[in-house]
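Okay, structure first, notes after.
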Protein chains: 2
Amino acid sequence: MSQSPQTAPDALAQRLAHSGLRSTPQREVIYDVLLKKRDHPTADEVHARVRTDLPSISLATVYNCLETLVQCDLVRAVNFERGPTRYCPNLRPHAHFHDEQSGSTHDIDLPADLLEKVSAVLPPGYDAKSVEITFRGKALKNSEHRAAGSK
Amino acid sequence: MSQSPQTAPDALAQRLAHSGLRSTPQREVIYDVLLKKRDHPTADEVHARVRTDLPSISLATVYNCLETLVQCDLVRAVNFERGPTRYCPNLRPHAHFHDEQSGSTHDIDLPADLLEKVSAVLPPGYDAKSVEITFRGKALKNSEHRAAGSK
DNA sequence: TTGCTACTTAGAACCATTCCAATTGCTTCA
DNA sequence: TGAAGCAATTGGAATGGTTCTAAGTAGCAA
Ligand SMILES: [Mn+2]
Ligand SMILES: [Mn+2]
Ligand SMILES: [Zn+2]
Ligand SMILES: [Zn+2]
């Protein structure tokens, strides 16, 4: 039962192993990039950011890795009106607010009781596995600052 | 103030006129098709249905007309996870339930007070112009029958 | 009629994403 | 240690819904 001399595997490595998948530099850097700047980047934006660490990573790999992270429930794919898919490492129940002016996307935490009330509108016979709530409108500057989250 | 000898303009013609647009056979038939079978068809599906009346209508025109109807607030464009846009003539406040099994989309009416509660989760500084609520899961057969809405 | 503009049309272009076939890289285990 | 086997990455082609473009058609005003 002795461990290998390497450091203990991080959350990512553990989740991957749990699904029979390997931890790779590409997967790790992509996940780090998502955690570091939580502004719901597109695959292209992730690609650009990851390239500072892995200059030769391909866009296909970025798509593959993002898909893997979504499968492992470490990341949520977020869509808004046929725009490119965005990626979000916030695992708490939350809604998304799309600022029409700036195109930015903000997390809105949702209390559990609200989700219950929302699901309660479903007539009998409807069994929802997930609910998604999306706002569209205008966010004031200071809200943007607060939501940028780099503090 | 005498009207022309034609019949009074229907809701569609009036809305179009209000926006300085013309009522055309293509726009009318497309809107009729949406009203007749409210199953959230894609542009392709609308195209196929409209062709029974207008065999030579182009897909580009279907897209153009659907866009026009959306602009006039007669139809809502509904998106789900990068799938093709679907079109919905239900103007009441409602959510959408996507049945993963069948791929069908059902309207879920929303009481006004729920929409208020949902919007109330927005922190100060967020001004939402619209809220969208989407469920994903499994709907039982009898629900599907009820929601098909042809009766 | 003539002109003006709105509307429709076929097909090209667009673009995010997926697919494909080839390569590279771990990991076993002889 | 090394061959096999499988996982993962890669560049480029293909996909598919949608939008664009340029040309034609049609209603309307003067
Ligand atoms: Mn993308
Ligand atoms: Mn479509
Ligand atoms: Zn988020
Ligand atoms: Zn609907």
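In the structure tokens, each chain is lettered A, B, ... as it comes, each chain's residues begin at 1, and ligands are numbered from 1 in order of appearance.
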Could you list, as a PyMOL selection string, all protein and nucleic acid residues with an atom at most 12 Å from ligand 4, counting only C-alpha atoms (C1' of nucleotides) and all ligand atoms?
chain B and resi 34-35+37-41+74-80+85-98+104-110+132-134+147-149
Please give chain B as a compact mmCIF listing (two decimals) with N, CA and C atoms, in the first residue's frame, after it has been superposed on chain A by least squares over all Cα atoms paired in order.
# COMPACT_ATOMS: atom_id res chain seq x y z
N MET B 1 0.57 -0.59 0.92
CA MET B 1 -0.21 0.64 0.68
C MET B 1 0.67 1.87 0.55
N SER B 2 2.00 1.62 0.31
CA SER B 2 2.86 2.79 0.17
C SER B 2 2.62 3.48 -1.18
N GLN B 3 2.58 4.81 -1.13
CA GLN B 3 2.36 5.58 -2.37
C GLN B 3 3.67 5.69 -3.14
N SER B 4 3.53 5.99 -4.39
CA SER B 4 4.74 6.28 -5.17
C SER B 4 5.34 7.57 -4.62
N PRO B 5 6.60 7.82 -4.90
CA PRO B 5 7.28 8.99 -4.31
C PRO B 5 6.73 10.34 -4.83
N GLN B 6 5.84 10.29 -5.82
CA GLN B 6 5.32 11.57 -6.34
C GLN B 6 4.39 12.24 -5.33
N THR B 7 4.14 13.52 -5.55
CA THR B 7 3.23 14.25 -4.67
C THR B 7 1.83 13.67 -4.84
N ALA B 8 1.00 13.85 -3.82
CA ALA B 8 -0.37 13.34 -3.88
C ALA B 8 -1.10 13.95 -5.08
N PRO B 9 -1.94 13.16 -5.74
CA PRO B 9 -2.63 13.68 -6.92
C PRO B 9 -3.62 14.78 -6.52
N ASP B 10 -3.69 15.82 -7.36
CA ASP B 10 -4.62 16.91 -7.09
C ASP B 10 -6.04 16.49 -7.49
N ALA B 11 -6.98 17.39 -7.23
CA ALA B 11 -8.38 17.08 -7.50
C ALA B 11 -8.58 16.63 -8.94
N LEU B 12 -7.92 17.32 -9.87
CA LEU B 12 -8.08 16.98 -11.28
C LEU B 12 -7.60 15.56 -11.54
N ALA B 13 -6.38 15.25 -11.11
CA ALA B 13 -5.83 13.92 -11.36
C ALA B 13 -6.73 12.85 -10.77
N GLN B 14 -7.26 13.12 -9.59
CA GLN B 14 -8.13 12.13 -8.96
C GLN B 14 -9.41 11.91 -9.75
N ARG B 15 -10.03 13.01 -10.19
CA ARG B 15 -11.26 12.88 -10.96
C ARG B 15 -11.01 12.13 -12.25
N LEU B 16 -9.90 12.44 -12.88
CA LEU B 16 -9.58 11.77 -14.14
C LEU B 16 -9.38 10.28 -13.89
N ALA B 17 -8.57 9.96 -12.90
CA ALA B 17 -8.30 8.56 -12.57
C ALA B 17 -9.62 7.83 -12.30
N HIS B 18 -10.48 8.49 -11.58
CA HIS B 18 -11.78 7.89 -11.24
C HIS B 18 -12.55 7.49 -12.49
N SER B 19 -12.31 8.19 -13.58
CA SER B 19 -12.99 7.85 -14.84
C SER B 19 -12.09 7.03 -15.75
N GLY B 20 -10.98 6.55 -15.22
CA GLY B 20 -10.07 5.76 -16.03
C GLY B 20 -9.31 6.58 -17.06
N LEU B 21 -9.16 7.87 -16.77
CA LEU B 21 -8.47 8.75 -17.72
C LEU B 21 -7.14 9.21 -17.12
N ARG B 22 -6.26 9.67 -17.99
CA ARG B 22 -4.94 10.08 -17.51
C ARG B 22 -4.86 11.58 -17.29
N SER B 23 -4.01 11.91 -16.36
CA SER B 23 -3.69 13.32 -16.18
C SER B 23 -2.60 13.68 -17.18
N THR B 24 -2.84 14.68 -17.98
CA THR B 24 -1.85 15.08 -18.98
C THR B 24 -1.54 16.56 -18.79
N PRO B 25 -0.38 17.00 -19.29
CA PRO B 25 -0.04 18.43 -19.18
C PRO B 25 -1.15 19.29 -19.79
N GLN B 26 -1.68 18.86 -20.93
CA GLN B 26 -2.72 19.65 -21.59
C GLN B 26 -3.94 19.80 -20.70
N ARG B 27 -4.40 18.71 -20.14
CA ARG B 27 -5.59 18.77 -19.28
C ARG B 27 -5.35 19.62 -18.04
N GLU B 28 -4.15 19.49 -17.47
CA GLU B 28 -3.87 20.26 -16.26
C GLU B 28 -3.81 21.75 -16.54
N VAL B 29 -3.10 22.11 -17.59
CA VAL B 29 -2.94 23.54 -17.88
C VAL B 29 -4.30 24.15 -18.25
N ILE B 30 -5.10 23.41 -19.00
CA ILE B 30 -6.42 23.94 -19.37
C ILE B 30 -7.28 24.15 -18.13
N TYR B 31 -7.25 23.20 -17.23
CA TYR B 31 -8.05 23.35 -16.02
C TYR B 31 -7.54 24.52 -15.18
N ASP B 32 -6.22 24.65 -15.09
CA ASP B 32 -5.64 25.78 -14.34
C ASP B 32 -6.07 27.11 -14.93
N VAL B 33 -6.04 27.17 -16.26
CA VAL B 33 -6.43 28.41 -16.95
C VAL B 33 -7.87 28.77 -16.62
N LEU B 34 -8.74 27.76 -16.57
CA LEU B 34 -10.15 28.03 -16.25
C LEU B 34 -10.29 28.51 -14.81
N LEU B 35 -9.52 27.91 -13.90
CA LEU B 35 -9.62 28.31 -12.49
C LEU B 35 -9.06 29.71 -12.26
N LYS B 36 -8.00 30.04 -13.01
CA LYS B 36 -7.30 31.30 -12.75
C LYS B 36 -8.13 32.51 -13.15
N LYS B 37 -8.77 32.44 -14.29
CA LYS B 37 -9.57 33.59 -14.76
C LYS B 37 -10.96 33.08 -15.11
N ARG B 38 -11.89 33.30 -14.20
CA ARG B 38 -13.21 32.69 -14.32
C ARG B 38 -14.18 33.60 -15.06
N ASP B 39 -13.83 33.92 -16.27
CA ASP B 39 -14.66 34.85 -17.04
C ASP B 39 -15.40 34.13 -18.16
N HIS B 40 -15.57 32.82 -18.04
CA HIS B 40 -16.32 32.04 -19.03
C HIS B 40 -15.74 32.18 -20.43
N PRO B 41 -14.48 31.79 -20.58
CA PRO B 41 -13.85 31.90 -21.91
C PRO B 41 -14.40 30.88 -22.89
N THR B 42 -14.30 31.21 -24.17
CA THR B 42 -14.61 30.26 -25.24
C THR B 42 -13.42 29.33 -25.43
N ALA B 43 -13.62 28.29 -26.24
CA ALA B 43 -12.52 27.36 -26.53
C ALA B 43 -11.35 28.10 -27.17
N ASP B 44 -11.65 29.02 -28.05
CA ASP B 44 -10.59 29.83 -28.67
C ASP B 44 -9.81 30.62 -27.63
N GLU B 45 -10.54 31.22 -26.69
CA GLU B 45 -9.88 32.01 -25.66
C GLU B 45 -9.04 31.12 -24.76
N VAL B 46 -9.56 29.96 -24.42
CA VAL B 46 -8.78 29.01 -23.63
C VAL B 46 -7.52 28.63 -24.40
N HIS B 47 -7.69 28.36 -25.68
CA HIS B 47 -6.54 28.01 -26.52
C HIS B 47 -5.46 29.08 -26.44
N ALA B 48 -5.87 30.33 -26.62
CA ALA B 48 -4.90 31.44 -26.58
C ALA B 48 -4.18 31.50 -25.23
N ARG B 49 -4.95 31.34 -24.14
CA ARG B 49 -4.34 31.44 -22.82
C ARG B 49 -3.40 30.28 -22.53
N VAL B 50 -3.79 29.10 -22.95
CA VAL B 50 -3.01 27.90 -22.67
C VAL B 50 -1.69 27.93 -23.44
N ARG B 51 -1.70 28.62 -24.57
CA ARG B 51 -0.51 28.63 -25.40
C ARG B 51 0.68 29.30 -24.75
N THR B 52 0.43 30.15 -23.75
CA THR B 52 1.60 30.74 -23.08
C THR B 52 2.39 29.66 -22.36
N ASP B 53 1.69 28.62 -21.87
CA ASP B 53 2.39 27.51 -21.22
C ASP B 53 2.75 26.39 -22.18
N LEU B 54 1.85 26.12 -23.11
CA LEU B 54 2.04 25.01 -24.06
C LEU B 54 1.90 25.56 -25.47
N PRO B 55 2.95 26.15 -25.99
CA PRO B 55 2.83 26.90 -27.25
C PRO B 55 2.38 26.04 -28.43
N SER B 56 2.50 24.74 -28.34
CA SER B 56 2.19 23.94 -29.52
C SER B 56 0.89 23.16 -29.38
N ILE B 57 0.09 23.48 -28.34
CA ILE B 57 -1.16 22.74 -28.17
C ILE B 57 -2.12 23.11 -29.30
N SER B 58 -2.86 22.10 -29.75
CA SER B 58 -3.79 22.34 -30.87
C SER B 58 -5.17 22.69 -30.35
N LEU B 59 -5.95 23.35 -31.22
CA LEU B 59 -7.32 23.69 -30.84
C LEU B 59 -8.14 22.43 -30.64
N ALA B 60 -7.88 21.41 -31.44
CA ALA B 60 -8.60 20.14 -31.28
C ALA B 60 -8.39 19.58 -29.89
N THR B 61 -7.16 19.66 -29.40
CA THR B 61 -6.89 19.16 -28.05
C THR B 61 -7.62 20.00 -27.01
N VAL B 62 -7.67 21.30 -27.23
CA VAL B 62 -8.42 22.15 -26.29
C VAL B 62 -9.87 21.69 -26.24
N TYR B 63 -10.48 21.47 -27.40
CA TYR B 63 -11.86 20.97 -27.41
C TYR B 63 -11.94 19.61 -26.71
N ASN B 64 -11.02 18.72 -27.01
CA ASN B 64 -11.06 17.40 -26.39
C ASN B 64 -10.94 17.49 -24.87
N CYS B 65 -10.00 18.30 -24.41
CA CYS B 65 -9.79 18.40 -22.96
C CYS B 65 -10.98 19.06 -22.28
N LEU B 66 -11.51 20.10 -22.87
CA LEU B 66 -12.68 20.76 -22.27
C LEU B 66 -13.83 19.77 -22.16
N GLU B 67 -14.03 19.00 -23.21
CA GLU B 67 -15.07 17.98 -23.17
C GLU B 67 -14.82 16.98 -22.03
N THR B 68 -13.56 16.58 -21.89
CA THR B 68 -13.21 15.66 -20.81
C THR B 68 -13.52 16.27 -19.44
N LEU B 69 -13.16 17.54 -19.25
CA LEU B 69 -13.41 18.20 -17.96
C LEU B 69 -14.91 18.30 -17.68
N VAL B 70 -15.68 18.53 -18.75
CA VAL B 70 -17.14 18.59 -18.58
C VAL B 70 -17.67 17.22 -18.17
N GLN B 71 -17.17 16.17 -18.83
CA GLN B 71 -17.60 14.80 -18.49
C GLN B 71 -17.29 14.47 -17.05
N CYS B 72 -16.13 14.92 -16.56
CA CYS B 72 -15.71 14.62 -15.18
C CYS B 72 -16.42 15.52 -14.18
N ASP B 73 -17.30 16.38 -14.64
CA ASP B 73 -18.03 17.28 -13.74
C ASP B 73 -17.13 18.26 -13.01
N LEU B 74 -16.07 18.66 -13.69
CA LEU B 74 -15.21 19.68 -13.10
C LEU B 74 -15.50 21.04 -13.71
N VAL B 75 -16.18 21.05 -14.82
CA VAL B 75 -16.42 22.28 -15.58
C VAL B 75 -17.80 22.18 -16.20
N ARG B 76 -18.46 23.33 -16.29
CA ARG B 76 -19.76 23.39 -16.95
C ARG B 76 -19.64 24.08 -18.30
N ALA B 77 -20.29 23.54 -19.31
CA ALA B 77 -20.38 24.22 -20.61
C ALA B 77 -21.58 25.14 -20.57
N VAL B 78 -21.38 26.37 -20.98
CA VAL B 78 -22.42 27.39 -20.90
C VAL B 78 -22.69 27.94 -22.30
N ASN B 79 -23.96 27.90 -22.68
CA ASN B 79 -24.31 28.40 -24.01
C ASN B 79 -25.28 29.55 -23.92
N PHE B 80 -25.16 30.43 -24.88
CA PHE B 80 -26.04 31.59 -24.93
C PHE B 80 -26.35 31.90 -26.38
N GLU B 81 -27.57 31.64 -26.78
CA GLU B 81 -28.04 32.02 -28.11
C GLU B 81 -27.09 31.67 -29.26
N ARG B 82 -26.78 30.52 -29.50
CA ARG B 82 -25.92 30.08 -30.62
C ARG B 82 -24.53 30.65 -30.62
N GLY B 83 -24.15 31.43 -29.61
CA GLY B 83 -22.77 31.90 -29.55
C GLY B 83 -21.86 30.74 -29.22
N PRO B 84 -20.54 30.94 -29.32
CA PRO B 84 -19.61 29.86 -29.00
C PRO B 84 -19.77 29.42 -27.55
N THR B 85 -19.61 28.13 -27.31
CA THR B 85 -19.72 27.58 -25.96
C THR B 85 -18.67 28.20 -25.06
N ARG B 86 -19.07 28.51 -23.83
CA ARG B 86 -18.15 29.05 -22.84
C ARG B 86 -18.01 28.05 -21.71
N TYR B 87 -16.91 28.16 -20.96
CA TYR B 87 -16.58 27.14 -19.97
C TYR B 87 -16.41 27.76 -18.59
N CYS B 88 -17.00 27.10 -17.60
CA CYS B 88 -17.17 27.66 -16.26
C CYS B 88 -16.80 26.61 -15.22
N PRO B 89 -15.79 26.91 -14.38
CA PRO B 89 -15.37 25.94 -13.36
C PRO B 89 -16.12 26.10 -12.04
N ASN B 90 -17.14 26.96 -11.99
CA ASN B 90 -17.92 27.17 -10.77
C ASN B 90 -18.94 26.04 -10.65
N LEU B 91 -18.77 25.22 -9.63
CA LEU B 91 -19.63 24.03 -9.50
C LEU B 91 -20.82 24.27 -8.59
N ARG B 92 -20.86 25.43 -7.95
CA ARG B 92 -22.05 25.73 -7.13
C ARG B 92 -23.25 25.95 -8.05
N PRO B 93 -24.46 25.74 -7.54
CA PRO B 93 -25.63 26.04 -8.36
C PRO B 93 -25.67 27.53 -8.64
N HIS B 94 -25.64 27.91 -9.89
CA HIS B 94 -25.67 29.33 -10.20
C HIS B 94 -26.27 29.58 -11.56
N ALA B 95 -26.80 30.79 -11.73
CA ALA B 95 -27.34 31.24 -13.01
C ALA B 95 -26.28 32.08 -13.71
N HIS B 96 -26.56 32.44 -14.96
CA HIS B 96 -25.63 33.29 -15.70
C HIS B 96 -26.31 34.57 -16.15
N PHE B 97 -25.59 35.65 -15.98
CA PHE B 97 -26.07 36.95 -16.42
C PHE B 97 -25.20 37.40 -17.58
N HIS B 98 -25.83 37.62 -18.73
CA HIS B 98 -25.08 38.07 -19.91
C HIS B 98 -25.27 39.56 -20.08
N ASP B 99 -24.19 40.27 -19.99
CA ASP B 99 -24.23 41.72 -20.19
C ASP B 99 -24.18 42.01 -21.69
N GLU B 100 -25.28 42.60 -22.17
CA GLU B 100 -25.36 42.83 -23.62
C GLU B 100 -24.33 43.84 -24.09
N GLN B 101 -24.06 44.85 -23.25
CA GLN B 101 -23.09 45.88 -23.63
C GLN B 101 -21.72 45.26 -23.88
N SER B 102 -21.20 44.63 -22.85
CA SER B 102 -19.80 44.19 -22.88
C SER B 102 -19.63 42.77 -23.39
N GLY B 103 -20.72 42.01 -23.46
CA GLY B 103 -20.59 40.63 -23.85
C GLY B 103 -20.07 39.73 -22.73
N SER B 104 -19.89 40.28 -21.56
CA SER B 104 -19.33 39.49 -20.45
C SER B 104 -20.42 38.66 -19.78
N THR B 105 -19.99 37.62 -19.11
CA THR B 105 -20.89 36.67 -18.45
C THR B 105 -20.55 36.60 -16.97
N HIS B 106 -21.57 36.75 -16.11
CA HIS B 106 -21.34 36.76 -14.67
C HIS B 106 -22.10 35.64 -13.99
N ASP B 107 -21.50 35.08 -12.96
CA ASP B 107 -22.18 34.06 -12.16
C ASP B 107 -23.12 34.72 -11.16
N ILE B 108 -24.30 34.16 -11.02
CA ILE B 108 -25.28 34.60 -10.02
C ILE B 108 -25.60 33.39 -9.15
N ASP B 109 -25.16 33.43 -7.91
CA ASP B 109 -25.42 32.28 -7.04
C ASP B 109 -26.91 32.12 -6.80
N LEU B 110 -27.34 30.87 -6.74
CA LEU B 110 -28.76 30.57 -6.57
C LEU B 110 -28.99 29.85 -5.26
N PRO B 111 -29.83 30.38 -4.39
CA PRO B 111 -30.17 29.66 -3.17
C PRO B 111 -30.95 28.39 -3.51
N ALA B 112 -30.73 27.36 -2.73
CA ALA B 112 -31.35 26.05 -3.02
C ALA B 112 -32.87 26.16 -3.03
N ASP B 113 -33.42 26.99 -2.15
CA ASP B 113 -34.88 27.05 -2.07
C ASP B 113 -35.47 27.66 -3.34
N LEU B 114 -34.71 28.52 -4.02
CA LEU B 114 -35.24 29.07 -5.27
C LEU B 114 -35.31 27.98 -6.32
N LEU B 115 -34.27 27.17 -6.39
CA LEU B 115 -34.29 26.08 -7.37
C LEU B 115 -35.46 25.15 -7.11
N GLU B 116 -35.76 24.94 -5.86
CA GLU B 116 -36.94 24.11 -5.55
C GLU B 116 -38.21 24.76 -6.08
N LYS B 117 -38.35 26.05 -5.80
CA LYS B 117 -39.57 26.74 -6.26
C LYS B 117 -39.69 26.69 -7.77
N VAL B 118 -38.54 26.83 -8.44
CA VAL B 118 -38.59 26.81 -9.90
C VAL B 118 -39.02 25.42 -10.38
N SER B 119 -38.41 24.40 -9.84
CA SER B 119 -38.75 23.05 -10.28
C SER B 119 -40.20 22.71 -9.96
N ALA B 120 -40.74 23.40 -8.95
CA ALA B 120 -42.12 23.10 -8.54
C ALA B 120 -43.14 23.51 -9.60
N VAL B 121 -42.76 24.32 -10.57
CA VAL B 121 -43.73 24.72 -11.60
C VAL B 121 -43.95 23.60 -12.61
N LEU B 122 -43.13 22.56 -12.57
CA LEU B 122 -43.29 21.48 -13.54
C LEU B 122 -44.55 20.67 -13.22
N PRO B 123 -45.40 20.48 -14.21
CA PRO B 123 -46.59 19.63 -14.01
C PRO B 123 -46.16 18.19 -13.75
N PRO B 124 -47.05 17.40 -13.17
CA PRO B 124 -46.72 15.98 -12.96
C PRO B 124 -46.39 15.31 -14.29
N GLY B 125 -45.44 14.42 -14.29
CA GLY B 125 -45.04 13.75 -15.52
C GLY B 125 -43.74 14.32 -16.08
N TYR B 126 -43.32 15.47 -15.56
CA TYR B 126 -42.06 16.06 -16.01
C TYR B 126 -41.01 15.83 -14.94
N ASP B 127 -39.95 15.14 -15.31
CA ASP B 127 -38.88 14.83 -14.37
C ASP B 127 -37.60 15.51 -14.85
N ALA B 128 -37.27 16.65 -14.24
CA ALA B 128 -36.13 17.44 -14.71
C ALA B 128 -34.84 16.98 -14.06
N LYS B 129 -33.83 16.72 -14.88
CA LYS B 129 -32.51 16.37 -14.37
C LYS B 129 -31.71 17.64 -14.08
N SER B 130 -32.01 18.72 -14.78
CA SER B 130 -31.28 19.96 -14.55
C SER B 130 -32.14 21.15 -14.95
N VAL B 131 -31.86 22.26 -14.32
CA VAL B 131 -32.53 23.52 -14.62
C VAL B 131 -31.45 24.53 -14.96
N GLU B 132 -31.73 25.38 -15.90
CA GLU B 132 -30.77 26.40 -16.26
C GLU B 132 -31.48 27.75 -16.28
N ILE B 133 -30.88 28.73 -15.64
CA ILE B 133 -31.49 30.06 -15.58
C ILE B 133 -30.50 31.05 -16.15
N THR B 134 -30.95 31.83 -17.11
CA THR B 134 -30.08 32.79 -17.79
C THR B 134 -30.74 34.15 -17.82
N PHE B 135 -30.00 35.16 -17.39
CA PHE B 135 -30.46 36.54 -17.48
C PHE B 135 -29.74 37.24 -18.61
N ARG B 136 -30.44 38.19 -19.21
CA ARG B 136 -29.77 39.04 -20.19
C ARG B 136 -30.12 40.48 -19.87
N GLY B 137 -29.15 41.35 -19.91
CA GLY B 137 -29.43 42.74 -19.60
C GLY B 137 -28.15 43.54 -19.45
N LYS B 138 -28.21 44.49 -18.55
CA LYS B 138 -27.10 45.43 -18.39
C LYS B 138 -26.59 45.34 -16.96
N ALA B 139 -25.29 45.22 -16.81
CA ALA B 139 -24.69 45.19 -15.48
C ALA B 139 -23.87 46.46 -15.29
N LEU B 140 -23.96 47.05 -14.11
CA LEU B 140 -23.21 48.28 -13.87
C LEU B 140 -21.74 47.96 -13.66
N LYS B 141 -20.90 48.96 -13.85
CA LYS B 141 -19.45 48.76 -13.82
C LYS B 141 -18.99 48.08 -12.54
N ASN B 142 -19.42 48.58 -11.38
CA ASN B 142 -18.90 48.01 -10.15
C ASN B 142 -19.28 46.54 -10.00
N SER B 143 -20.40 46.17 -10.57
CA SER B 143 -20.75 44.75 -10.57
C SER B 143 -19.74 43.96 -11.39
N GLU B 144 -19.37 44.53 -12.50
CA GLU B 144 -18.39 43.85 -13.34
C GLU B 144 -17.08 43.66 -12.58
N HIS B 145 -16.66 44.71 -11.87
CA HIS B 145 -15.42 44.57 -11.12
C HIS B 145 -15.53 43.45 -10.10
N ARG B 146 -16.65 43.46 -9.35
CA ARG B 146 -16.82 42.45 -8.33
C ARG B 146 -16.80 41.05 -8.95
N ALA B 147 -17.49 40.93 -10.08
CA ALA B 147 -17.65 39.61 -10.68
C ALA B 147 -16.40 39.12 -11.39
N ALA B 148 -15.49 40.03 -11.70
CA ALA B 148 -14.28 39.62 -12.42
C ALA B 148 -13.54 38.57 -11.59
N GLY B 149 -13.62 38.69 -10.28
CA GLY B 149 -13.23 37.59 -9.41
C GLY B 149 -11.74 37.37 -9.27
N SER B 150 -10.90 38.28 -9.77
CA SER B 150 -9.46 38.05 -9.68
C SER B 150 -8.92 38.49 -8.32
N LYS B 151 -9.73 39.11 -7.51
CA LYS B 151 -9.26 39.55 -6.19
C LYS B 151 -9.94 38.75 -5.07
Could you tell me how far atom C1' of DG16 of chain D lies from atom C1' of DC14 of chain C, in Å and to one decimal?
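Interatomic distance, atom C1' of DG16 of chain D to atom C1' of DC14 of chain C: 11.3 Å.
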From chain A, collect each residue whose DSSP state is strand (DSSP E or B) and return the set as a PyMOL selection string.
chain A and resi 42+76-78+86-88+94-99+105-109+126-139
Restrict the selected residues to N, CA and C atoms and save them as a short mmCIF file (atom, residue, chain, number, x, y, z; two decimals), in the first residue's frame.
data_model
loop_
_atom_site.label_atom_id
_atom_site.label_comp_id
_atom_site.auth_asym_id
_atom_site.auth_seq_id
_atom_site.Cartn_x
_atom_site.Cartn_y
_atom_site.Cartn_z
N THR A 42 -14.30 31.19 -24.19
CA THR A 42 -14.61 30.23 -25.25
C THR A 42 -13.42 29.30 -25.43
N ARG A 76 -18.47 23.33 -16.28
CA ARG A 76 -19.77 23.39 -16.94
C ARG A 76 -19.63 24.07 -18.29
N ALA A 77 -20.29 23.53 -19.30
CA ALA A 77 -20.37 24.19 -20.59
C ALA A 77 -21.58 25.12 -20.56
N VAL A 78 -21.38 26.36 -20.98
CA VAL A 78 -22.43 27.37 -20.91
C VAL A 78 -22.70 27.91 -22.31
N ARG A 86 -19.07 28.46 -23.83
CA ARG A 86 -18.15 29.02 -22.83
C ARG A 86 -18.00 28.02 -21.70
N TYR A 87 -16.91 28.15 -20.95
CA TYR A 87 -16.59 27.14 -19.96
C TYR A 87 -16.42 27.75 -18.58
N CYS A 88 -16.99 27.10 -17.59
CA CYS A 88 -17.16 27.66 -16.25
C CYS A 88 -16.79 26.62 -15.20
N HIS A 94 -25.64 27.95 -9.90
CA HIS A 94 -25.68 29.36 -10.22
C HIS A 94 -26.28 29.60 -11.59
N ALA A 95 -26.80 30.82 -11.74
CA ALA A 95 -27.34 31.25 -13.02
C ALA A 95 -26.29 32.09 -13.73
N HIS A 96 -26.57 32.47 -14.97
CA HIS A 96 -25.65 33.31 -15.72
C HIS A 96 -26.33 34.58 -16.18
N PHE A 97 -25.60 35.65 -16.04
CA PHE A 97 -26.07 36.95 -16.47
C PHE A 97 -25.21 37.40 -17.64
N HIS A 98 -25.84 37.62 -18.78
CA HIS A 98 -25.09 38.07 -19.96
C HIS A 98 -25.29 39.56 -20.14
N ASP A 99 -24.21 40.27 -20.07
CA ASP A 99 -24.25 41.71 -20.26
C ASP A 99 -24.20 42.00 -21.76
N THR A 105 -20.00 37.62 -19.16
CA THR A 105 -20.91 36.67 -18.49
C THR A 105 -20.57 36.61 -17.01
N HIS A 106 -21.57 36.75 -16.15
CA HIS A 106 -21.35 36.78 -14.71
C HIS A 106 -22.11 35.66 -14.02
N ASP A 107 -21.52 35.11 -12.99
CA ASP A 107 -22.19 34.09 -12.19
C ASP A 107 -23.13 34.75 -11.19
N ILE A 108 -24.31 34.18 -11.05
CA ILE A 108 -25.29 34.64 -10.05
C ILE A 108 -25.61 33.43 -9.18
N ASP A 109 -25.16 33.47 -7.93
CA ASP A 109 -25.42 32.33 -7.06
C ASP A 109 -26.91 32.16 -6.81
N TYR A 126 -43.34 15.46 -15.56
CA TYR A 126 -42.08 16.04 -16.00
C TYR A 126 -41.03 15.82 -14.92
N ASP A 127 -39.95 15.15 -15.31
CA ASP A 127 -38.89 14.84 -14.36
C ASP A 127 -37.61 15.52 -14.84
N ALA A 128 -37.27 16.65 -14.23
CA ALA A 128 -36.14 17.45 -14.70
C ALA A 128 -34.85 16.99 -14.05
N LYS A 129 -33.84 16.74 -14.86
CA LYS A 129 -32.51 16.39 -14.36
C LYS A 129 -31.70 17.65 -14.07
N SER A 130 -32.02 18.72 -14.78
CA SER A 130 -31.28 19.97 -14.56
C SER A 130 -32.13 21.16 -14.95
N VAL A 131 -31.85 22.27 -14.32
CA VAL A 131 -32.53 23.53 -14.63
C VAL A 131 -31.44 24.55 -14.96
N GLU A 132 -31.73 25.39 -15.91
CA GLU A 132 -30.76 26.42 -16.27
C GLU A 132 -31.48 27.76 -16.30
N ILE A 133 -30.88 28.74 -15.65
CA ILE A 133 -31.48 30.07 -15.60
C ILE A 133 -30.49 31.07 -16.18
N THR A 134 -30.95 31.84 -17.13
CA THR A 134 -30.08 32.79 -17.82
C THR A 134 -30.75 34.16 -17.86
N PHE A 135 -30.00 35.16 -17.43
CA PHE A 135 -30.47 36.53 -17.52
C PHE A 135 -29.75 37.23 -18.65
N ARG A 136 -30.46 38.16 -19.27
CA ARG A 136 -29.79 39.01 -20.24
C ARG A 136 -30.12 40.46 -19.92
N GLY A 137 -29.16 41.34 -19.98
CA GLY A 137 -29.43 42.73 -19.68
C GLY A 137 -28.16 43.53 -19.52
N LYS A 138 -28.24 44.49 -18.63
CA LYS A 138 -27.14 45.42 -18.48
C LYS A 138 -26.62 45.34 -17.04
N ALA A 139 -25.33 45.21 -16.88
CA ALA A 139 -24.72 45.19 -15.54
C ALA A 139 -23.90 46.45 -15.37
#
Chain B contacts on chain D, only C-alpha atoms (C1' of nucleotides), 10 Å, as a list of chain:residue names
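Within 10 Å of chain B on chain D, we get D:DG16, D:DG17, D:DT18, D:DT19, D:DG27.
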Per-residue nearest contacts chain C to ligand 1, cut-off 12 Å, using only C-alpha atoms (C1' of nucleotides) and all ligand atoms, as a Markdown table:
| residue | atom | partner | partner_atom_place_in_ligand_line | distance |
| --- | --- | --- | --- | --- |
| C:DC15 | C1' | ligand 1 | 1 (Mn) | 9.9 |
| C:DA16 | C1' | ligand 1 | 1 (Mn) | 6.0 |
| C:DT17 | C1' | ligand 1 | 1 (Mn) | 7.8 |
